[in-house]
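K.L.:
Structure file start21.pdb, PDB, C-alpha atoms, pLDDT in the B column, is pasted below:
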ATOM      1  CA  MET A  60      11.267   4.824  42.443  1.00 42.00           C
ATOM      2  CA  SER A  61       8.417   7.288  42.140  1.00 43.00           C
ATOM      3  CA  ALA A  62       4.953   5.935  41.463  1.00 43.00           C
ATOM      4  CA  LYS A  63       3.104   9.216  41.168  1.00 41.00           C
ATOM      5  CA  THR A  64       0.438   9.395  38.556  1.00 41.00           C
ATOM      6  CA  THR A  65       0.507  12.027  35.876  1.00 45.00           C
ATOM      7  CA  ASN A  66      -2.258  13.923  37.655  1.00 46.00           C
ATOM      8  CA  GLY A  67      -0.123  14.197  40.813  1.00 50.00           C
ATOM      9  CA  SER A  68      -2.001  11.584  42.847  1.00 53.00           C
ATOM     10  CA  ASP A  69      -0.140   9.133  45.071  1.00 63.00           C
ATOM     11  CA  GLY A  70      -3.014   6.641  44.879  1.00 74.00           C
ATOM     12  CA  PHE A  71      -6.536   6.472  46.225  1.00 74.00           C
ATOM     13  CA  SER A  72      -7.946   9.532  47.920  1.00 78.00           C
ATOM     14  CA  PRO A  73      -9.771   9.045  51.240  1.00 81.00           C
ATOM     15  CA  GLN A  74     -13.032   9.582  49.336  1.00 76.00           C
ATOM     16  CA  GLU A  75     -12.149   6.878  46.793  1.00 76.00           C
ATOM     17  CA  ARG A  76     -11.264   4.442  49.584  1.00 77.00           C
ATOM     18  CA  ALA A  77     -14.561   5.200  51.337  1.00 75.00           C
ATOM     19  CA  ALA A  78     -16.494   4.690  48.087  1.00 72.00           C
ATOM     20  CA  MET A  79     -14.836   1.303  47.506  1.00 75.00           C
ATOM     21  CA  LYS A  80     -15.674   0.192  51.053  1.00 75.00           C
ATOM     22  CA  GLU A  81     -19.272   1.325  50.515  1.00 70.00           C
ATOM     23  CA  ARG A  82     -19.401  -0.698  47.294  1.00 70.00           C
ATOM     24  CA  ALA A  83     -18.118  -3.757  49.158  1.00 73.00           C
ATOM     25  CA  ASP A  84     -20.898  -3.280  51.716  1.00 71.00           C
ATOM     26  CA  GLU A  85     -23.452  -3.009  48.892  1.00 62.00           C
ATOM     27  CA  LEU A  86     -22.221  -6.248  47.354  1.00 67.00           C
ATOM     28  CA  ARG A  87     -22.434  -8.032  50.706  1.00 66.00           C
ATOM     29  CA  ALA A  88     -26.021  -6.822  51.050  1.00 61.00           C
ATOM     30  CA  GLU A  89     -26.896  -8.426  47.682  1.00 59.00           C
ATOM     31  CA  GLY A  90     -26.524 -11.890  49.159  1.00 63.00           C
ATOM     32  CA  LYS A  91     -24.153 -14.822  48.897  1.00 64.00           C
ATOM     33  CA  LYS A  92     -22.759 -14.080  45.437  1.00 65.00           C
ATOM     34  CA  GLY A  93     -22.422 -10.387  46.239  1.00 64.00           C
ATOM     35  CA  ALA A  94     -20.807 -11.200  49.584  1.00 66.00           C
ATOM     36  CA  LYS A  95     -18.185 -13.315  47.821  1.00 72.00           C
ATOM     37  CA  LYS A  96     -17.388 -10.443  45.446  1.00 73.00           C
ATOM     38  CA  ALA A  97     -17.293  -7.992  48.347  1.00 72.00           C
ATOM     39  CA  ASP A  98     -14.935 -10.217  50.307  1.00 82.00           C
ATOM     40  CA  GLY A  99     -12.647 -10.520  47.278  1.00 86.00           C
ATOM     41  CA  LEU A 100     -12.638  -6.769  46.773  1.00 90.00           C
ATOM     42  CA  GLN A 101     -11.923  -6.187  50.457  1.00 89.00           C
ATOM     43  CA  ALA A 102      -9.077  -8.728  50.393  1.00 89.00           C
ATOM     44  CA  VAL A 103      -7.512  -6.933  47.412  1.00 93.00           C
ATOM     45  CA  LEU A 104      -7.860  -3.527  49.082  1.00 93.00           C
ATOM     46  CA  ASP A 105      -6.398  -4.894  52.328  1.00 91.00           C
ATOM     47  CA  ARG A 106      -3.446  -6.426  50.474  1.00 93.00           C
ATOM     48  CA  ILE A 107      -2.792  -3.181  48.599  1.00 95.00           C
ATOM     49  CA  ALA A 108      -2.903  -1.255  51.888  1.00 93.00           C
ATOM     50  CA  GLN A 109      -0.128  -3.502  53.280  1.00 93.00           C
ATOM     51  CA  MET A 110       2.308  -2.667  50.472  1.00 95.00           C
ATOM     52  CA  GLU A 111       5.201  -0.247  50.667  1.00 95.00           C
ATOM     53  CA  PRO A 112       4.175   3.258  49.521  1.00 94.00           C
ATOM     54  CA  GLU A 113       5.700   3.021  46.021  1.00 94.00           C
ATOM     55  CA  ASP A 114       4.156  -0.391  45.375  1.00 96.00           C
ATOM     56  CA  ARG A 115       0.850   0.663  46.931  1.00 95.00           C
ATOM     57  CA  ALA A 116       0.575   3.667  44.599  1.00 95.00           C
ATOM     58  CA  LEU A 117       1.197   1.436  41.572  1.00 97.00           C
ATOM     59  CA  ALA A 118      -1.211  -1.241  42.801  1.00 97.00           C
ATOM     60  CA  GLU A 119      -3.955   1.330  43.383  1.00 96.00           C
ATOM     61  CA  ARG A 120      -3.584   2.686  39.852  1.00 97.00           C
ATOM     62  CA  VAL A 121      -3.542  -0.859  38.425  1.00 97.00           C
ATOM     63  CA  HIS A 122      -6.703  -1.656  40.407  1.00 97.00           C
ATOM     64  CA  VAL A 123      -8.525   1.409  39.080  1.00 96.00           C
ATOM     65  CA  THR A 124      -7.369   0.747  35.518  1.00 97.00           C
ATOM     66  CA  VAL A 125      -8.231  -2.968  35.496  1.00 98.00           C
ATOM     67  CA  THR A 126     -11.659  -2.482  37.055  1.00 96.00           C
ATOM     68  CA  ALA A 127     -12.461   0.341  34.619  1.00 96.00           C
ATOM     69  CA  ALA A 128     -11.216  -1.559  31.547  1.00 97.00           C
ATOM     70  CA  ALA A 129     -12.843  -4.866  32.514  1.00 97.00           C
ATOM     71  CA  PRO A 130     -15.655  -4.356  35.031  1.00 95.00           C
ATOM     72  CA  ALA A 131     -16.761  -7.983  34.590  1.00 95.00           C
ATOM     73  CA  LEU A 132     -13.558  -9.229  36.241  1.00 96.00           C
ATOM     74  CA  THR A 133     -13.870  -9.963  39.951  1.00 94.00           C
ATOM     75  CA  PRO A 134     -11.128  -8.752  42.319  1.00 95.00           C
ATOM     76  CA  LYS A 135      -9.658 -11.391  44.604  1.00 91.00           C
ATOM     77  CA  THR A 136      -6.293 -12.287  46.052  1.00 91.00           C
ATOM     78  CA  TRP A 137      -4.225 -15.001  44.434  1.00 90.00           C
ATOM     79  CA  TYR A 138      -1.140 -16.273  46.255  1.00 89.00           C
ATOM     80  CA  GLY A 139      -1.421 -13.116  48.335  1.00 88.00           C
ATOM     81  CA  MET A 140      -1.434 -10.819  45.300  1.00 93.00           C
ATOM     82  CA  PRO A 141      -4.211  -8.588  43.972  1.00 95.00           C
ATOM     83  CA  ALA A 142      -5.768 -10.428  41.049  1.00 96.00           C
ATOM     84  CA  TYR A 143      -8.822 -10.269  38.818  1.00 97.00           C
ATOM     85  CA  ALA A 144     -10.812 -13.336  37.777  1.00 95.00           C
ATOM     86  CA  ASN A 145     -13.262 -14.026  34.966  1.00 95.00           C
ATOM     87  CA  GLU A 146     -16.794 -15.373  35.439  1.00 93.00           C
ATOM     88  CA  ASP A 147     -15.386 -18.928  35.689  1.00 93.00           C
ATOM     89  CA  GLY A 148     -13.224 -17.859  38.636  1.00 89.00           C
ATOM     90  CA  LYS A 149     -10.002 -18.164  36.631  1.00 95.00           C
ATOM     91  CA  ILE A 150      -7.354 -15.503  37.155  1.00 95.00           C
ATOM     92  CA  VAL A 151      -6.876 -13.314  34.106  1.00 98.00           C
ATOM     93  CA  VAL A 152      -4.535 -10.617  35.425  1.00 98.00           C
ATOM     94  CA  PHE A 153      -2.589 -10.041  38.637  1.00 97.00           C
ATOM     95  CA  PHE A 154      -0.271  -7.493  40.241  1.00 97.00           C
ATOM     96  CA  GLN A 155       2.878  -8.603  42.052  1.00 96.00           C
ATOM     97  CA  ASP A 156       4.471  -5.874  44.141  1.00 95.00           C
ATOM     98  CA  SER A 157       8.249  -5.580  44.133  1.00 95.00           C
ATOM     99  CA  GLY A 158       8.377  -6.296  47.866  1.00 90.00           C
ATOM    100  CA  LYS A 159       6.743  -9.735  47.489  1.00 87.00           C
ATOM    101  CA  PHE A 160       9.991 -11.369  46.369  1.00 88.00           C
ATOM    102  CA  ASN A 161      12.357  -8.407  46.828  1.00 89.00           C
ATOM    103  CA  TYR A 162      12.454  -7.588  43.106  1.00 92.00           C
ATOM    104  CA  ARG A 163      13.549  -4.227  41.784  1.00 94.00           C
ATOM    105  CA  TYR A 164      10.228  -3.809  39.954  1.00 96.00           C
ATOM    106  CA  SER A 165       6.577  -4.719  40.339  1.00 97.00           C
ATOM    107  CA  THR A 166       4.976  -7.026  37.807  1.00 97.00           C
ATOM    108  CA  LEU A 167       1.695  -7.012  35.929  1.00 98.00           C
ATOM    109  CA  GLY A 168       1.051 -10.573  34.842  1.00 97.00           C
ATOM    110  CA  PHE A 169      -1.516 -12.507  32.860  1.00 98.00           C
ATOM    111  CA  GLN A 170      -2.591 -16.116  33.286  1.00 97.00           C
ATOM    112  CA  ASP A 171      -3.673 -18.563  30.591  1.00 95.00           C
ATOM    113  CA  ALA A 172      -7.299 -17.373  30.834  1.00 96.00           C
ATOM    114  CA  ALA A 173      -6.149 -14.109  29.217  1.00 96.00           C
ATOM    115  CA  ASN A 174      -6.774 -13.853  25.484  1.00 94.00           C
ATOM    116  CA  LEU A 175      -3.362 -12.448  24.584  1.00 94.00           C
ATOM    117  CA  ASP A 176      -2.294 -15.217  22.219  1.00 93.00           C
ATOM    118  CA  ASP A 177      -0.177 -13.929  19.344  1.00 90.00           C
ATOM    119  CA  GLY A 178       1.321 -16.749  17.309  1.00 91.00           C
ATOM    120  CA  ASP A 179       3.741 -19.076  19.075  1.00 93.00           C
ATOM    121  CA  LEU A 180       5.296 -16.495  21.436  1.00 92.00           C
ATOM    122  CA  TRP A 181       3.776 -13.601  23.399  1.00 92.00           C
ATOM    123  CA  PRO A 182       4.533 -11.770  26.645  1.00 94.00           C
ATOM    124  CA  VAL A 183       2.502 -12.636  29.741  1.00 95.00           C
ATOM    125  CA  ALA A 184       4.317 -10.467  32.322  1.00 97.00           C
ATOM    126  CA  TYR A 185       5.386  -6.845  32.315  1.00 97.00           C
ATOM    127  CA  ALA A 186       7.805  -5.049  34.638  1.00 97.00           C
ATOM    128  CA  LEU A 187       6.182  -1.971  36.144  1.00 96.00           C
ATOM    129  CA  ARG A 188       8.338   0.704  37.780  1.00 95.00           C
ATOM    130  CA  GLN A 189       6.451   3.977  37.406  1.00 95.00           C
ATOM    131  CA  TRP A 190       2.960   5.109  36.512  1.00 96.00           C
ATOM    132  CA  SER A 191       2.305   7.375  33.545  1.00 96.00           C
ATOM    133  CA  SER A 192      -0.444   7.975  31.043  1.00 97.00           C
ATOM    134  CA  ALA A 193       1.425   5.759  28.564  1.00 97.00           C
ATOM    135  CA  VAL A 194       1.543   2.930  31.118  1.00 97.00           C
ATOM    136  CA  GLU A 195      -2.148   3.365  31.868  1.00 97.00           C
ATOM    137  CA  LYS A 196      -2.994   3.266  28.164  1.00 98.00           C
ATOM    138  CA  LYS A 197      -0.936   0.088  27.602  1.00 97.00           C
ATOM    139  CA  ILE A 198      -2.468  -1.683  30.618  1.00 97.00           C
ATOM    140  CA  THR A 199      -5.956  -0.697  29.463  1.00 98.00           C
ATOM    141  CA  GLU A 200      -5.242  -2.149  26.005  1.00 97.00           C
ATOM    142  CA  LEU A 201      -3.791  -5.368  27.449  1.00 97.00           C
ATOM    143  CA  VAL A 202      -6.675  -5.910  29.881  1.00 98.00           C
ATOM    144  CA  ARG A 203      -9.303  -5.265  27.214  1.00 97.00           C
ATOM    145  CA  ALA A 204      -7.568  -7.719  24.898  1.00 96.00           C
ATOM    146  CA  ALA A 205      -7.221 -10.247  27.727  1.00 97.00           C
ATOM    147  CA  VAL A 206     -10.985 -10.319  28.331  1.00 97.00           C
ATOM    148  CA  SER A 207     -12.050 -10.119  24.675  1.00 93.00           C
TER     149      SER A 207
END
Produce structure tokens that represent the structure in this file.
P.N.:
Amino acid sequence: MSAKTTNGSDGFSPQERAAMKERADELRAEGKKGAKKADGLQAVLDRIAQMEPEDRALAERVHVTVTAAAPALTPKTWYGMPAYANEDGKIVVFFQDSGKFNYRYSTLGFQDAANLDDGDLWPVAYALRQWSSAVEKKITELVRAAVS
């Protein structure tokens, strides 16, 4: 299962990783609330770093896409998975790597805080096997709708 992005990247570059660590340090320096956000971000980055290469590449792209589409969401881990919470601390979206439960695919899931309601039946989890521009576009749309 290849998780390469359409631009040829296998995930975060060393410069991107360094920038995220610097941002975590900045948040910690802002005080208690910033420290909590920084710790959540660091926990997500640490969890992503522990994943198998294919899952890690997907998780890194999901992280970039979610944080770009919904910068108000706060990264944190949830049951050991990278997740993103609203201002009330409720999980909106999460990423479950395929290795977590030995599945054949990773999962992008949404919790009840997500505004994805569509009648009496709507999807709240999506299998994710490879990254592409179409996948990125769909995730961006879902995340924006979830926080609207």
K.L.:
Just want the 8 Å neighbourhood of Thr136 of chain A, counted on all atoms listed in the file, with same-chain residues fewer than 4 positions away dropped. Output as an MDAnalysis selection string.
P.N.:
chainID A and resid 99 102:103 106 140:143
K.L.:
Just want the 10 Å neighbourhood of Lys149 of chain A, counted on all atoms listed in the file, with same-chain residues fewer than 4 positions away dropped. Output as number ranges by chain.
P.N.:
A: 132-133, 142-145, 170-173
K.L.:
Given the choices A:Glu146, A:Ala78, A:Ile107, A:Phe160, which gets closest to Arg120 of chain A if the distance is worked out from all atoms listed in the file?
P.N.:
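Ranking A:Glu146, A:Ala78, A:Ile107, A:Phe160 by distance to Arg120 of chain A, first place goes to A:Ile107.
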K.L.:
Quick one: which residues end up in the PyMOL selection byres ((chain A and resi 187-202) around 10) for this structure, as a VMD selection string?
P.N.:
chain A and resid 60 to 66 69 113 to 114 116 to 118 120 to 121 123 to 129 132 151 to 152 154 to 157 163 to 167 169 173 to 175 183 to 186 203 to 207
K.L.:
Would you compute the distance between atom CA of Gly168 of chain A and atom CA of Phe153 of chain A? Give it in Å to one decimal.
P.N.:
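We find that atom CA of Gly168 of chain A and atom CA of Phe153 of chain A lie 5.3 Å from each other.
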K.L.:
What's the separation between atom CA of Pro130 of chain A and atom CA of Glu111 of chain A, in Å to one decimal place?
P.N.:
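Taking atom CA of Pro130 of chain A as the start and atom CA of Glu111 of chain A as the end point, the length is 26.4 Å.
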K.L.:
Please determine, counting only C-alpha atoms, which residue among A:Asp98, A:Asp176, A:Glu119, A:Asp147 has the shortest atom-to-atom distance to Arg76 of chain A.
P.N.:
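Closest residue, counting only C-alpha atoms: A:Glu119.
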K.L.:
Rank A:Arg115, A:Lys96, A:Asn161, A:Asp84 by their smallest atom-to-atom distance to Ala131 of chain A, using all atoms listed in the file, and report the top residue only.
P.N.:
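The shortest atom-to-atom distance to Ala131 of chain A comes from A:Lys96.
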K.L.:
For atom CA of Gly139 of chain A and atom CA of Leu180 of chain A, quote the distance in Å rounded to one decimal.
P.N.:
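Between atom CA of Gly139 of chain A and atom CA of Leu180 of chain A the gap is 27.9 Å.
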